[in-house]
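Colleague: Provided herewith is a single structure, encoded as structure tokens, for subsequent inquiry.
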Amino acid sequence: APAPAPAPVPAKPESAKSTGKEPAPAEPARGVQVSGNPGFVKVTVDQAGRVGIWTPKPNSILHMHSDDTARAAQVTVTGATAGFAFGPRVAGLDPAAPSGLFELYADGDGAVIGTGGAKLATFAADGTVNLLGKVHAESFESTSSRAFKTSIEPFLPARAHKVLDGLDAVQYEFTRTGEKHVGFIAEDVPDEVANASHTSVKVMDVVSVLACVVKEQRATIEQLVRRVEHLEARGRE
């Protein structure tokens with residue numbers, strides 16, 4: 001007698017179908033795979049819709065992996081309209097990149113380069129750049145052309161002396177790194193050399209105040225030197 005036909009597999013109910021949010025399966029889901037050499041998988045699209053390039057186990061919507069220096073896992077975009085665009089990250093979403101990787105995303109502060117939940121660099125829409133650590137460069141140039149300024153007027157020596165009197169140097173350690181520095185506390189400096197929220201010091205403004213005071217002191221010294229020379233000349237008469 002012929003063997004009985006196998007029982008039909010019940011259809012997966014609509015509520016149980018893939019939503020694209022399931023956790024990664026224990027074994028690589030083989031939705032679609034394109035293979036190259038034996039044992040080498042070029043492209044994988046798993047059952048959750050994740051795409052892996054050179055990896056059979058994608059752990060994000062698009063996951064590229066390569067340990068081959070001749071086949072770097074990099075993205076190249078060319079053409080007259082080349083570029084990347086991305087919207088802001090959902091508020092409250094953990095920004096920590098997997099396995100300590102770096103990531104690029106946007107939030108309410110702007111475009112962010114971060115890792116492990118820390119914002120290493122933030123680029124705001126108004127052009128403001130905030131960096132977490134040190135900046136090393138051969139030189140730093142401050143935009144200072146008259147073409148970019150308005151309401152230009154002299155900064156008088158009397159005012160410069162008042163600002164200088166309000167600058168009290170202190171020594172301190174940064175809480176994040178423990179590194180020791182000598183400088184100013186932004187909350188304590190005069191308004192002329194602090195930003196609007198008094199959370200940072202405008203270094204070029206401090207330099208300008210010092211230049212103003214030094215020029216006045218030099219003029220005073222030159223005047224005193226001439227007076228001394230005049231008195232010495234009279235004494236020799």
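By convention here, the chains of the structure tokens are called A, B, ... in the order presented, each chain's residues are numbered starting at 1, and ligands are numbered starting at 1 in the order presented.
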Excluding Ala73 in chain A and its own-chain neighbours fewer than 4 positions away, which residues fall within 9 Å of it when counting only C-alpha atoms? Please give them as a list in words.
Modeller: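 Once the adjacent positions are removed, what remains is Ile53, Trp54, Met64, His65, Ser66, Asp67 and Asp68 of chain A.
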Colleague: For the selection just defined, write its residues with N, CA and C atoms to a file, as a tab-separated table (two decimals), in the first residue's frame.
Modeller:
```
chain	number	residue	atom	x	y	z
A	53	ILE	N	26.90	41.77	3.42
A	53	ILE	CA	27.85	41.72	2.31
A	53	ILE	C	29.14	41.15	2.86
A	54	TRP	N	29.53	39.99	2.33
A	54	TRP	CA	30.69	39.24	2.77
A	54	TRP	C	30.52	38.76	4.21
A	64	MET	N	28.39	45.07	6.42
A	64	MET	CA	29.51	44.66	5.58
A	64	MET	C	30.67	44.22	6.47
A	65	HIS	N	31.39	43.19	6.05
A	65	HIS	CA	32.50	42.67	6.84
A	65	HIS	C	33.62	42.23	5.90
A	66	SER	N	34.85	42.61	6.26
A	66	SER	CA	35.99	42.13	5.49
A	66	SER	C	37.25	42.22	6.33
A	67	ASP	N	38.05	41.16	6.32
A	67	ASP	CA	39.38	41.16	6.91
A	67	ASP	C	40.45	41.16	5.83
A	68	ASP	N	40.03	41.28	4.58
A	68	ASP	CA	40.94	41.21	3.44
A	68	ASP	C	41.36	42.63	3.06
```
Colleague: Give me the residues near Pro88 in chain A as a PyMOL selection string, where near means some atom within 9 Å (using only C-alpha atoms) and where sequence neighbours in that chain fewer than 4 positions away do not count.
Modeller: chain A and resi 105-108+110-111
Colleague: Quick one: residues within 9 Å of Asn130 in chain A, only C-alpha atoms counted, chain neighbours fewer than 2 positions away excluded, as a PyMOL selection string?
Modeller: chain A and resi 119-124+128+132
Colleague: How would the residues just picked look written out with N, CA, C and O atoms as a short mmCIF file (atom, residue, chain, number, x, y, z; two decimals), in the first residue's frame?
Modeller:
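The result, stored in out.cif:
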```
data_model
loop_
_atom_site.label_atom_id
_atom_site.label_comp_id
_atom_site.auth_asym_id
_atom_site.auth_seq_id
_atom_site.Cartn_x
_atom_site.Cartn_y
_atom_site.Cartn_z
N LYS A 119 29.34 61.22 22.39
CA LYS A 119 29.37 62.05 21.18
C LYS A 119 30.78 62.63 21.03
O LYS A 119 31.17 63.55 21.73
N LEU A 120 31.55 62.08 20.10
CA LEU A 120 32.91 62.56 19.89
C LEU A 120 32.92 63.89 19.16
O LEU A 120 33.76 64.76 19.43
N ALA A 121 32.02 64.06 18.21
CA ALA A 121 31.93 65.31 17.45
C ALA A 121 30.47 65.54 17.07
O ALA A 121 29.77 64.62 16.67
N THR A 122 30.02 66.79 17.22
CA THR A 122 28.66 67.16 16.86
C THR A 122 28.72 68.38 15.95
O THR A 122 29.38 69.36 16.26
N PHE A 123 28.03 68.28 14.80
CA PHE A 123 28.00 69.36 13.83
C PHE A 123 26.59 69.92 13.78
O PHE A 123 25.67 69.26 13.27
N ALA A 124 26.39 71.12 14.31
CA ALA A 124 25.06 71.72 14.39
C ALA A 124 24.70 72.40 13.07
O ALA A 124 25.57 72.70 12.24
N THR A 128 28.12 75.32 14.11
CA THR A 128 28.88 75.10 15.35
C THR A 128 29.35 73.65 15.43
O THR A 128 28.58 72.72 15.16
N LEU A 132 34.68 66.41 21.70
CA LEU A 132 34.81 65.92 23.07
C LEU A 132 36.24 65.99 23.57
O LEU A 132 36.49 66.29 24.73
#
```
Colleague: When DSSP is applied to the backbone of this structure, which of range 148-226 of chain A are assigned helix (DSSP H, G or I)? Write them out as a PyMOL selection string.
Modeller: chain A and resi 148+157-165+186-188+191-193+203-226
Colleague: Mind giving me the straight-line distance from CA of His161 in chain A to CA of Pro190 in chain A in Å, one decimal?
Modeller: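 Atom-to-atom, CA of His161 in chain A and CA of Pro190 in chain A are spaced 11.5 Å apart.
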